[in-house]
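Participant: The structure follows.
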Amino acid sequence: MSIPQSGGGPIEHHEQLAGYLESGCKPKEDWRIGTEHEKFGYCKDTLKPIPYEGPRSILAVLEGLRDGHGWAPVEEGGKLIGLEKDGANVSLEPGGQLELSGAPVETIHETCDEVNAHLRDVKDIADKVGVGFIGLGAAPIWTHDEMPLMPKGRYKLMDAYMQKVGTMGQTMMRRTCTVQVNLDFSSEADMVQKFRVALALQPVATALFANSPFLEGKPNGHKSWRSRVWRDLDADRTGTLPFVFEDGFGFEQYAEYALDVPMYFVYRDGNYIDALGQSFRDFLKGELPALPGEKPTLSDWADHLTTIFPEARIKKFMEMRGADGGPWRRLCALPAFWVGLMYDQTSLDAAWDLCKEWDTEIRDSLRIAASVDGLQARVGNISMHDLAREAVKISESGLKARARSGAGGMIPDETHFLNTLKESVESGKVPADELLEHYYGDWDRDLSRIYSEYSY
């Protein structure tokens, strides 16, 4: 979940809304990669989720990173709720999941170095205080009541609202984790093509990274339960956005969509003001019940854009949001997959050719099938396994064409970051399949084994 945004001053003209999105356009040489990933923390002796405060807690980990690894504190209401350093930040998800939002970097080599350094630092502190961290798409055993709610104002507001607009919002907040990548676009036309590819092929990422087959101690019937959760969260702000595929789509159309998404809050002077269900259109007219007579700033608009949760979304960049959190190698594979598809025009065109004939029904059906069956999903004559094989091949070509070297030139490009996905394509198995094999095999249905064998 995002921290308060700094978008700019007063909104004086409607055109500023789309203009804010368009201001993110960058020439290709300035495109960057921002990787985000979340992970669950637990007490090593009890295997229960860690609370916010106490000797074995999220606070203890944050303080350790602050004091031992040079991170600057981010506070809200006098409580430490995040950290900042070198363009990156560490933040808390609602249920205490620890998130790294990486700095924008030029290559997958750099983003993977950042992930590796972060996980080493977290493990250093975690070992000292007796906690562990694990990368999964959903909490495998813990119940809703066992998961603490972090002391952030926006989470308190969201928590109450979620039960009014869907059945799984609180589950999403407390018991899911993701890995995602943020990418740039050069123009409105480039944004449109990337956005369509991102939304249409997001089920491929869901299938390849599926890693949440358990809930409350037993199999849940899905390879990606996290993806299932997002389908019943809040119809006003989630989904595959069919209007993105309509003729004439652009920044203005996305801004109009965002205006119709009910608000959560307005952030003022360090406090989150309850604007649940209220209209940003009313805010533009100075008629927001939460702040009568006051009009929004671009920072308010930027905050509002962070409360929209489709499978891919745009702000001043584009976010790919369809993958489960997972093991170390896949945290680098996710950005590699999308960079290979998106940052080389030949590959982007080839990716669009894969999906440009699909209609809304096919795209939605693939999303559902991916969450249930992973690479074994099939919709009509479309095999997810074949689709993933082709998408990974296209991504590999894109990374070869980028030819961004690493290790001082010893590694010629970024293609090796796809190796774990190529293994899945060859075997037909994703992390969820491996977990289920253990569960029914050598674990003898003892799911507690997942912590010792799959923690970072």
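Lettering and numbering for the structure tokens are positional, with chains as A, B, ... in the shown order, residues counted from 1 in each chain, and ligands counted from 1 in the shown order.
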Excluding same-chain residues fewer than 6 positions from region 388-395 of chain A, what lies within 10 Å of it counting only C-alpha atoms, as a PyMOL selection string?
Facilitator: chain A and resi 201+203-205+207-208+336-344+346-351+354+375+401+415+418-419+421-422+424-426+428
Participant: Keeping N, CA and C atoms for every residue in the selection just given, could you write it to a file as a JSON list (two decimals), in the first residue's frame?
Facilitator:
[["chain", "number", "residue", "atom", "x", "y", "z"],
["A", 201, "LEU", "N", -2.18, -9.93, -20.61],
["A", 201, "LEU", "CA", -1.25, -11.00, -20.28],
["A", 201, "LEU", "C", -0.98, -11.14, -18.79],
["A", 203, "PRO", "N", -2.82, -12.59, -16.62],
["A", 203, "PRO", "CA", -3.06, -13.97, -16.20],
["A", 203, "PRO", "C", -1.86, -14.89, -16.42],
["A", 204, "VAL", "N", -1.01, -14.59, -17.39],
["A", 204, "VAL", "CA", 0.20, -15.40, -17.58],
["A", 204, "VAL", "C", 1.12, -15.24, -16.38],
["A", 205, "ALA", "N", 1.27, -14.01, -15.91],
["A", 205, "ALA", "CA", 2.07, -13.78, -14.71],
["A", 205, "ALA", "C", 1.43, -14.46, -13.51],
["A", 207, "ALA", "N", -0.33, -17.14, -13.47],
["A", 207, "ALA", "CA", -0.08, -18.58, -13.58],
["A", 207, "ALA", "C", 1.37, -18.92, -13.27],
["A", 208, "LEU", "N", 2.31, -18.19, -13.87],
["A", 208, "LEU", "CA", 3.73, -18.49, -13.69],
["A", 208, "LEU", "C", 4.20, -18.30, -12.25],
["A", 336, "ALA", "N", 12.02, -9.04, -14.74],
["A", 336, "ALA", "CA", 12.66, -9.47, -15.99],
["A", 336, "ALA", "C", 11.60, -9.84, -17.03],
["A", 337, "PHE", "N", 10.58, -10.56, -16.60],
["A", 337, "PHE", "CA", 9.51, -10.99, -17.51],
["A", 337, "PHE", "C", 8.85, -9.78, -18.18],
["A", 338, "TRP", "N", 8.46, -8.79, -17.38],
["A", 338, "TRP", "CA", 7.74, -7.65, -17.96],
["A", 338, "TRP", "C", 8.66, -6.68, -18.70],
["A", 339, "VAL", "N", 9.88, -6.50, -18.23],
["A", 339, "VAL", "CA", 10.81, -5.64, -18.97],
["A", 339, "VAL", "C", 11.09, -6.23, -20.34],
["A", 340, "GLY", "N", 11.28, -7.54, -20.40],
["A", 340, "GLY", "CA", 11.51, -8.18, -21.70],
["A", 340, "GLY", "C", 10.36, -7.99, -22.65],
["A", 341, "LEU", "N", 9.13, -8.00, -22.14],
["A", 341, "LEU", "CA", 7.95, -7.81, -22.99],
["A", 341, "LEU", "C", 7.73, -6.35, -23.35],
["A", 342, "MET", "N", 8.08, -5.43, -22.46],
["A", 342, "MET", "CA", 7.64, -4.05, -22.58],
["A", 342, "MET", "C", 8.70, -3.07, -23.08],
["A", 343, "TYR", "N", 9.97, -3.34, -22.85],
["A", 343, "TYR", "CA", 10.98, -2.33, -23.11],
["A", 343, "TYR", "C", 11.72, -2.52, -24.43],
["A", 344, "ASP", "N", 11.27, -3.43, -25.24],
["A", 344, "ASP", "CA", 11.77, -3.59, -26.61],
["A", 344, "ASP", "C", 10.57, -3.58, -27.54],
["A", 346, "THR", "N", 9.97, -4.49, -30.63],
["A", 346, "THR", "CA", 9.67, -5.71, -31.37],
["A", 346, "THR", "C", 8.97, -6.73, -30.47],
["A", 347, "SER", "N", 9.45, -6.86, -29.26],
["A", 347, "SER", "CA", 8.83, -7.79, -28.32],
["A", 347, "SER", "C", 7.45, -7.30, -27.89],
["A", 348, "LEU", "N", 7.31, -6.00, -27.68],
["A", 348, "LEU", "CA", 6.00, -5.45, -27.31],
["A", 348, "LEU", "C", 4.98, -5.72, -28.41],
["A", 349, "ASP", "N", 5.40, -5.54, -29.65],
["A", 349, "ASP", "CA", 4.49, -5.82, -30.78],
["A", 349, "ASP", "C", 4.12, -7.31, -30.81],
["A", 350, "ALA", "N", 5.12, -8.16, -30.57],
["A", 350, "ALA", "CA", 4.86, -9.60, -30.58],
["A", 350, "ALA", "C", 3.93, -9.99, -29.44],
["A", 351, "ALA", "N", 4.10, -9.36, -28.28],
["A", 351, "ALA", "CA", 3.21, -9.64, -27.14],
["A", 351, "ALA", "C", 1.78, -9.22, -27.45],
["A", 354, "LEU", "N", -0.06, -11.64, -29.54],
["A", 354, "LEU", "CA", -0.56, -12.82, -28.82],
["A", 354, "LEU", "C", -1.99, -12.64, -28.35],
["A", 375, "LEU", "N", -0.53, -23.11, -14.74],
["A", 375, "LEU", "CA", -0.16, -23.40, -16.13],
["A", 375, "LEU", "C", -1.05, -24.46, -16.77],
["A", 401, "ALA", "N", 17.67, -8.24, -26.82],
["A", 401, "ALA", "CA", 17.76, -7.02, -27.63],
["A", 401, "ALA", "C", 18.20, -5.82, -26.79],
["A", 415, "THR", "N", 18.93, -12.06, -19.54],
["A", 415, "THR", "CA", 18.07, -13.21, -19.82],
["A", 415, "THR", "C", 18.12, -14.28, -18.74],
["A", 418, "LEU", "N", 15.32, -15.01, -16.24],
["A", 418, "LEU", "CA", 14.13, -15.76, -16.64],
["A", 418, "LEU", "C", 14.27, -17.27, -16.43],
["A", 419, "ASN", "N", 15.42, -17.72, -15.96],
["A", 419, "ASN", "CA", 15.66, -19.16, -15.90],
["A", 419, "ASN", "C", 14.62, -19.90, -15.09],
["A", 421, "LEU", "N", 11.54, -19.16, -14.71],
["A", 421, "LEU", "CA", 10.29, -19.24, -15.48],
["A", 421, "LEU", "C", 10.44, -20.26, -16.61],
["A", 422, "LYS", "N", 11.61, -20.32, -17.21],
["A", 422, "LYS", "CA", 11.84, -21.32, -18.26],
["A", 422, "LYS", "C", 11.75, -22.73, -17.69],
["A", 424, "SER", "N", 9.80, -23.58, -15.22],
["A", 424, "SER", "CA", 8.37, -23.83, -15.05],
["A", 424, "SER", "C", 7.71, -24.20, -16.38],
["A", 425, "VAL", "N", 8.09, -23.50, -17.43],
["A", 425, "VAL", "CA", 7.51, -23.78, -18.74],
["A", 425, "VAL", "C", 7.90, -25.20, -19.19],
["A", 426, "GLU", "N", 9.13, -25.58, -18.92],
["A", 426, "GLU", "CA", 9.58, -26.92, -19.33],
["A", 426, "GLU", "C", 8.87, -28.02, -18.53],
["A", 428, "GLY", "N", 6.02, -27.58, -16.59],
["A", 428, "GLY", "CA", 4.59, -27.37, -16.40],
["A", 428, "GLY", "C", 4.21, -27.11, -14.95]]
Participant: Select from region 7-91 of chain A every residue with an atom at most 12 Å from any atom of region 112-134 of chain A, then for each give the shortest pair of atoms and their distance in Å to one decimal, using only C-alpha atoms, rows by chain and rising number, as JSON lines.
Facilitator:
{"residue": "A:Ile33", "atom": "CA", "partner": "A:Cys112", "partner_atom": "CA", "distance": 10.7}
{"residue": "A:Gly34", "atom": "CA", "partner": "A:Glu114", "partner_atom": "CA", "distance": 10.3}
{"residue": "A:Thr35", "atom": "CA", "partner": "A:Val115", "partner_atom": "CA", "distance": 8.3}
{"residue": "A:Glu36", "atom": "CA", "partner": "A:Val115", "partner_atom": "CA", "distance": 8.9}
{"residue": "A:His37", "atom": "CA", "partner": "A:Val115", "partner_atom": "CA", "distance": 8.7}
{"residue": "A:Glu38", "atom": "CA", "partner": "A:Ile134", "partner_atom": "CA", "distance": 9.2}
{"residue": "A:Lys39", "atom": "CA", "partner": "A:Ile134", "partner_atom": "CA", "distance": 5.7}
{"residue": "A:Phe40", "atom": "CA", "partner": "A:Ile134", "partner_atom": "CA", "distance": 5.4}
{"residue": "A:Gly41", "atom": "CA", "partner": "A:Phe133", "partner_atom": "CA", "distance": 4.4}
{"residue": "A:Tyr42", "atom": "CA", "partner": "A:Gly132", "partner_atom": "CA", "distance": 5.4}
{"residue": "A:Cys43", "atom": "CA", "partner": "A:Val131", "partner_atom": "CA", "distance": 4.5}
{"residue": "A:Lys44", "atom": "CA", "partner": "A:Val131", "partner_atom": "CA", "distance": 5.1}
{"residue": "A:Asp45", "atom": "CA", "partner": "A:Gly130", "partner_atom": "CA", "distance": 7.8}
{"residue": "A:Thr46", "atom": "CA", "partner": "A:Val131", "partner_atom": "CA", "distance": 9.7}
{"residue": "A:Leu47", "atom": "CA", "partner": "A:Gly132", "partner_atom": "CA", "distance": 8.7}
{"residue": "A:Lys48", "atom": "CA", "partner": "A:Val131", "partner_atom": "CA", "distance": 9.7}
{"residue": "A:Pro49", "atom": "CA", "partner": "A:Val131", "partner_atom": "CA", "distance": 9.2}
{"residue": "A:Ile50", "atom": "CA", "partner": "A:Val131", "partner_atom": "CA", "distance": 7.7}
{"residue": "A:Pro51", "atom": "CA", "partner": "A:Val131", "partner_atom": "CA", "distance": 10.8}
{"residue": "A:Gly54", "atom": "CA", "partner": "A:Val129", "partner_atom": "CA", "distance": 10.0}
{"residue": "A:Pro55", "atom": "CA", "partner": "A:Val129", "partner_atom": "CA", "distance": 6.7}
{"residue": "A:Arg56", "atom": "CA", "partner": "A:Val129", "partner_atom": "CA", "distance": 5.6}
{"residue": "A:Ser57", "atom": "CA", "partner": "A:Val131", "partner_atom": "CA", "distance": 7.7}
{"residue": "A:Ile58", "atom": "CA", "partner": "A:Val131", "partner_atom": "CA", "distance": 9.3}
{"residue": "A:Leu59", "atom": "CA", "partner": "A:Val129", "partner_atom": "CA", "distance": 10.7}
{"residue": "A:Ala60", "atom": "CA", "partner": "A:Val129", "partner_atom": "CA", "distance": 7.3}
{"residue": "A:Val61", "atom": "CA", "partner": "A:Ile125", "partner_atom": "CA", "distance": 6.0}
{"residue": "A:Leu62", "atom": "CA", "partner": "A:Ile125", "partner_atom": "CA", "distance": 8.8}
{"residue": "A:Glu63", "atom": "CA", "partner": "A:Ile125", "partner_atom": "CA", "distance": 9.1}
{"residue": "A:Gly64", "atom": "CA", "partner": "A:Ile125", "partner_atom": "CA", "distance": 5.8}
{"residue": "A:Leu65", "atom": "CA", "partner": "A:Ile125", "partner_atom": "CA", "distance": 7.0}
{"residue": "A:Arg66", "atom": "CA", "partner": "A:Ile125", "partner_atom": "CA", "distance": 10.3}
{"residue": "A:Asp67", "atom": "CA", "partner": "A:Ile125", "partner_atom": "CA", "distance": 10.2}
{"residue": "A:Gly68", "atom": "CA", "partner": "A:Ile125", "partner_atom": "CA", "distance": 8.3}
{"residue": "A:His69", "atom": "CA", "partner": "A:Asp121", "partner_atom": "CA", "distance": 7.2}
{"residue": "A:Gly70", "atom": "CA", "partner": "A:Asp121", "partner_atom": "CA", "distance": 10.6}
{"residue": "A:Trp71", "atom": "CA", "partner": "A:Asp121", "partner_atom": "CA", "distance": 11.0}
{"residue": "A:Lys85", "atom": "CA", "partner": "A:His118", "partner_atom": "CA", "distance": 11.2}
{"residue": "A:Asp86", "atom": "CA", "partner": "A:Glu114", "partner_atom": "CA", "distance": 10.7}
{"residue": "A:Gly87", "atom": "CA", "partner": "A:Glu114", "partner_atom": "CA", "distance": 11.3}
{"residue": "A:Ala88", "atom": "CA", "partner": "A:Glu114", "partner_atom": "CA", "distance": 9.3}
{"residue": "A:Asn89", "atom": "CA", "partner": "A:His118", "partner_atom": "CA", "distance": 10.6}
{"residue": "A:Val90", "atom": "CA", "partner": "A:His118", "partner_atom": "CA", "distance": 9.5}
Participant: Using only C-alpha atoms, which of the listed residues (A:Gly374, A:Gly441, A:Pro104, A:Pro296) sits closest to Asn211 (chain A)?
Facilitator: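 Of all the options, A:Gly374 lies closest to Asn211 (chain A).
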Participant: Could you pull out the helix (DSSP H, G or I) residues of region 153-319 of chain A from DSSP and send them as a PyMOL selection string?
Facilitator: chain A and resi 153-165+169-175+188-208+225-230+242-245+251-259+280-284+298-305
Participant: With region 245-264 of chain A as the partner and 9 Å as the cut-off, tabulate the residues of region 146-208 of chain A that qualify, each row holding the nearest pair of atoms and their distance in Å to one decimal, using only C-alpha atoms, sorted by chain and rising number, as a Markdown table.
Facilitator:
| residue | atom | partner | partner_atom | distance |
| --- | --- | --- | --- | --- |
| A:Arg154 | CA | A:Tyr264 | CA | 7.7 |
| A:Leu157 | CA | A:Tyr264 | CA | 7.1 |
| A:Met158 | CA | A:Tyr264 | CA | 6.9 |
| A:Tyr161 | CA | A:Tyr264 | CA | 8.4 |
| A:Glu188 | CA | A:Gly250 | CA | 6.3 |
| A:Ala189 | CA | A:Gly250 | CA | 7.7 |
| A:Met191 | CA | A:Gly250 | CA | 8.0 |
| A:Val192 | CA | A:Gly250 | CA | 6.4 |
| A:Phe195 | CA | A:Phe245 | CA | 9.0 |
| A:Arg196 | CA | A:Phe245 | CA | 6.4 |
Participant: Could you save the residues just selected, with N, CA and C atoms, as a PDB file, in the first residue's frame?
Facilitator:
ATOM      1  N   ARG A 154      -4.869   5.073   6.943  1.00  0.00           N
ATOM      2  CA  ARG A 154      -5.614   4.634   5.766  1.00  0.00           C
ATOM      3  C   ARG A 154      -6.108   3.192   5.927  1.00  0.00           C
ATOM      4  N   LEU A 157      -9.382   3.063   7.988  1.00  0.00           N
ATOM      5  CA  LEU A 157     -10.532   3.447   7.170  1.00  0.00           C
ATOM      6  C   LEU A 157     -10.899   2.333   6.190  1.00  0.00           C
ATOM      7  N   MET A 158      -9.908   1.797   5.506  1.00  0.00           N
ATOM      8  CA  MET A 158     -10.157   0.765   4.506  1.00  0.00           C
ATOM      9  C   MET A 158     -10.759  -0.482   5.135  1.00  0.00           C
ATOM     10  N   TYR A 161     -14.436  -0.229   5.541  1.00  0.00           N
ATOM     11  CA  TYR A 161     -15.139  -0.061   4.268  1.00  0.00           C
ATOM     12  C   TYR A 161     -15.191  -1.351   3.464  1.00  0.00           C
ATOM     13  N   GLU A 188       1.532   8.777 -25.014  1.00  0.00           N
ATOM     14  CA  GLU A 188       0.209   8.208 -24.796  1.00  0.00           C
ATOM     15  C   GLU A 188       0.028   6.923 -25.598  1.00  0.00           C
ATOM     16  N   ALA A 189       0.480   6.916 -26.833  1.00  0.00           N
ATOM     17  CA  ALA A 189       0.338   5.714 -27.664  1.00  0.00           C
ATOM     18  C   ALA A 189       1.123   4.545 -27.067  1.00  0.00           C
ATOM     19  N   MET A 191       1.889   4.191 -23.889  1.00  0.00           N
ATOM     20  CA  MET A 191       1.152   3.777 -22.684  1.00  0.00           C
ATOM     21  C   MET A 191      -0.005   2.864 -23.029  1.00  0.00           C
ATOM     22  N   VAL A 192      -0.762   3.230 -24.065  1.00  0.00           N
ATOM     23  CA  VAL A 192      -1.939   2.445 -24.433  1.00  0.00           C
ATOM     24  C   VAL A 192      -1.545   1.026 -24.828  1.00  0.00           C
ATOM     25  N   PHE A 195      -0.369  -0.827 -21.727  1.00  0.00           N
ATOM     26  CA  PHE A 195      -1.463  -1.073 -20.798  1.00  0.00           C
ATOM     27  C   PHE A 195      -2.318  -2.248 -21.279  1.00  0.00           C
ATOM     28  N   ARG A 196      -2.591  -2.294 -22.560  1.00  0.00           N
ATOM     29  CA  ARG A 196      -3.396  -3.393 -23.104  1.00  0.00           C
ATOM     30  C   ARG A 196      -2.671  -4.728 -22.977  1.00  0.00           C
TER      31      ARG A 196
END
Participant: Kindly give the distance, in Å, that separates CA of Lys79 (chain A) and CA of Gln278 (chain A), rounded to a single decimal.
Facilitator: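 CA of Lys79 (chain A) sits 28.2 Å away from CA of Gln278 (chain A).
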Participant: Could you check the closest approach to Lys218 (chain A) for each of A:Ile368, A:Ile141, A:Leu92, A:Ala103 and tell me which residue wins, using only C-alpha atoms?
Facilitator: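 Smallest distance to Lys218 (chain A) is found for A:Ile141.
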Participant: What gap, in Å, lies between CA of Leu291 (chain A) and CA of Arg237 (chain A)?
Facilitator: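 For CA of Leu291 (chain A) relative to CA of Arg237 (chain A), the distance reads 22.7 Å.
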Participant: Which residue out of A:Arg313, A:Arg281, A:Arg175, A:Lys194 has the minimum interatomic distance to Ser212 (chain A) when only C-alpha atoms are used?
Facilitator: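 Answer, going by the shortest atom-to-atom distance: A:Arg175.
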Participant: Please compute the CA of Cys177 (chain A)-CA of Ser448 (chain A) distance, one decimal, in Å.
Facilitator: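 Distance between the two atoms: 18.5 Å.
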Participant: Can you tell me which residues surround Phe317 (chain A) at a distance of at most 12 Å, considering only C-alpha atoms, apart from same-chain residues fewer than 5 positions away, and format the answer as a PyMOL selection string?
Facilitator: chain A and resi 20-26+31-34+104+181-188+190-192+194-195+251+302+305-306+312
Participant: Take the selection from the previous step and output its residues with C-alpha atoms, as an mmCIF file, in the first residue's frame.
Facilitator:
data_model
loop_
_atom_site.group_PDB
_atom_site.id
_atom_site.type_symbol
_atom_site.label_atom_id
_atom_site.label_comp_id
_atom_site.auth_asym_id
_atom_site.auth_seq_id
_atom_site.Cartn_x
_atom_site.Cartn_y
_atom_site.Cartn_z
ATOM 1 C CA TYR A 20 -0.736 14.512 -14.255
ATOM 2 C CA LEU A 21 -0.714 11.027 -15.790
ATOM 3 C CA GLU A 22 0.790 12.274 -19.041
ATOM 4 C CA SER A 23 3.572 14.075 -17.186
ATOM 5 C CA GLY A 24 5.038 10.637 -16.526
ATOM 6 C CA CYS A 25 6.009 10.209 -20.193
ATOM 7 C CA LYS A 26 9.784 9.794 -20.567
ATOM 8 C CA TRP A 31 12.974 4.443 -18.641
ATOM 9 C CA ARG A 32 13.524 2.801 -15.287
ATOM 10 C CA ILE A 33 12.509 -0.358 -13.386
ATOM 11 C CA GLY A 34 10.995 -0.271 -9.902
ATOM 12 C CA PRO A 104 13.959 3.218 -9.961
ATOM 13 C CA VAL A 181 7.164 -4.088 -11.177
ATOM 14 C CA ASN A 182 6.689 -0.451 -12.141
ATOM 15 C CA LEU A 183 7.607 0.544 -15.688
ATOM 16 C CA ASP A 184 7.679 3.714 -17.777
ATOM 17 C CA PHE A 185 6.089 4.800 -21.051
ATOM 18 C CA SER A 186 7.237 7.354 -23.627
ATOM 19 C CA SER A 187 3.943 8.700 -24.966
ATOM 20 C CA GLU A 188 0.209 8.208 -24.796
ATOM 21 C CA ASP A 190 3.125 3.776 -25.940
ATOM 22 C CA MET A 191 1.152 3.777 -22.684
ATOM 23 C CA VAL A 192 -1.939 2.445 -24.433
ATOM 24 C CA LYS A 194 1.697 -1.380 -22.890
ATOM 25 C CA PHE A 195 -1.463 -1.073 -20.798
ATOM 26 C CA PHE A 251 -4.961 9.379 -20.375
ATOM 27 C CA ALA A 302 -2.091 11.269 -6.671
ATOM 28 C CA LEU A 305 -4.895 7.035 -7.785
ATOM 29 C CA THR A 306 -3.179 4.789 -5.225
ATOM 30 C CA ALA A 312 -2.490 -3.218 -13.978
#
Participant: Which residue out of A:Pro310, A:Pro431, A:Gly96, A:Pro242 has the minimum interatomic distance to Ala139 (chain A) when only C-alpha atoms are used?
Facilitator: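 Result for the nearest residue to Ala139 (chain A): A:Gly96.
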Participant: Hey, which of A:Phe283, A:Tyr267, A:Tyr456, A:Trp328 ends up closest to Pro4 (chain A)? Count only C-alpha atoms.
Facilitator: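 Nearest candidate to Pro4 (chain A) out of A:Phe283, A:Tyr267, A:Tyr456, A:Trp328: A:Tyr267.
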Participant: If you count only C-alpha atoms, which residues fall within 10 Å of Phe309 (chain A), apart from same-chain ones fewer than 4 positions away, as a list in words?
Facilitator: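 Contacts, with the query itself left out: Trp230, Leu233, Asp234, Ala235, Asp236, Arg237, Thr238, Gly239, Thr240, Leu305, Arg313, Glu319 and Arg321 of chain A.
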Participant: DSSP on the backbone, strand (DSSP E) only: what residues of region 127-290 of chain A does that give? Format it as a list in words.
Facilitator: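 Written out, the strand (DSSP E) residues of region 127-290 of chain A are Val131, Gly132, Phe133, Ile134, Thr178, Val179, Gln180, Val181, Asn182, Leu183, Phe214, Leu215, Lys218, Pro219, Phe265, Val266, Tyr267, Arg268, Asn271, Tyr272, Ile273 and Asp274 of chain A.
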Participant: With N, CA and C atoms retained, write the just-selected residues as a tab-separated table (two decimals), in the first residue's frame.
Facilitator:
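The file below, part18.tsv, is the result:
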chain	number	residue	atom	x	y	z
A	131	VAL	N	12.64	-13.71	14.59
A	131	VAL	CA	11.53	-13.80	13.65
A	131	VAL	C	12.06	-14.28	12.30
A	132	GLY	N	11.15	-14.71	11.47
A	132	GLY	CA	11.47	-15.13	10.11
A	132	GLY	C	10.56	-14.46	9.12
A	133	PHE	N	10.94	-14.51	7.84
A	133	PHE	CA	10.11	-13.97	6.76
A	133	PHE	C	10.00	-14.99	5.64
A	134	ILE	N	8.82	-15.06	5.07
A	134	ILE	CA	8.56	-16.04	4.02
A	134	ILE	C	7.79	-15.38	2.88
A	178	THR	N	2.31	-9.81	-2.65
A	178	THR	CA	2.55	-9.78	-4.09
A	178	THR	C	3.98	-9.36	-4.39
A	179	VAL	N	4.39	-9.56	-5.62
A	179	VAL	CA	5.57	-8.93	-6.18
A	179	VAL	C	5.12	-8.24	-7.45
A	180	GLN	N	5.57	-7.01	-7.65
A	180	GLN	CA	5.16	-6.27	-8.85
A	180	GLN	C	6.31	-5.43	-9.36
A	181	VAL	N	6.15	-4.94	-10.59
A	181	VAL	CA	7.16	-4.09	-11.18
A	181	VAL	C	6.49	-2.86	-11.76
A	182	ASN	N	7.17	-1.73	-11.62
A	182	ASN	CA	6.69	-0.45	-12.14
A	182	ASN	C	7.56	-0.05	-13.32
A	183	LEU	N	6.91	0.25	-14.45
A	183	LEU	CA	7.61	0.54	-15.69
A	183	LEU	C	7.14	1.87	-16.27
A	214	PHE	N	-2.72	-22.61	-0.30
A	214	PHE	CA	-3.22	-22.98	1.03
A	214	PHE	C	-3.93	-21.81	1.70
A	215	LEU	N	-4.87	-22.13	2.53
A	215	LEU	CA	-5.54	-21.15	3.38
A	215	LEU	C	-5.99	-21.85	4.65
A	218	LYS	N	-4.94	-25.73	4.97
A	218	LYS	CA	-5.25	-26.81	4.01
A	218	LYS	C	-5.35	-26.25	2.60
A	219	PRO	N	-5.27	-27.12	1.59
A	219	PRO	CA	-5.42	-26.66	0.21
A	219	PRO	C	-6.76	-25.95	0.00
A	265	PHE	N	-10.15	8.51	1.38
A	265	PHE	CA	-9.69	9.47	2.37
A	265	PHE	C	-9.15	10.74	1.69
A	266	VAL	N	-8.90	11.75	2.51
A	266	VAL	CA	-8.08	12.90	2.14
A	266	VAL	C	-7.01	13.03	3.22
A	267	TYR	N	-5.77	13.22	2.79
A	267	TYR	CA	-4.66	13.31	3.73
A	267	TYR	C	-4.34	14.77	4.01
A	268	ARG	N	-4.43	15.16	5.28
A	268	ARG	CA	-4.17	16.54	5.69
A	268	ARG	C	-3.39	16.55	7.00
A	271	ASN	N	-2.82	13.45	8.93
A	271	ASN	CA	-4.00	12.68	9.31
A	271	ASN	C	-4.79	12.26	8.08
A	272	TYR	N	-5.43	11.09	8.17
A	272	TYR	CA	-6.31	10.60	7.12
A	272	TYR	C	-7.75	10.96	7.49
A	273	ILE	N	-8.36	11.80	6.67
A	273	ILE	CA	-9.73	12.23	6.91
A	273	ILE	C	-10.67	11.30	6.16
A	274	ASP	N	-11.67	10.79	6.86
A	274	ASP	CA	-12.61	9.82	6.31
A	274	ASP	C	-13.42	10.44	5.18
Participant: Using only C-alpha atoms for the distances, tell me which of A:Arg367, A:His385, A:Arg329, A:Arg445 is nearest to Ser227 (chain A).
Facilitator: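 Among the listed residues, the smallest separation from Ser227 (chain A) belongs to A:Arg367.
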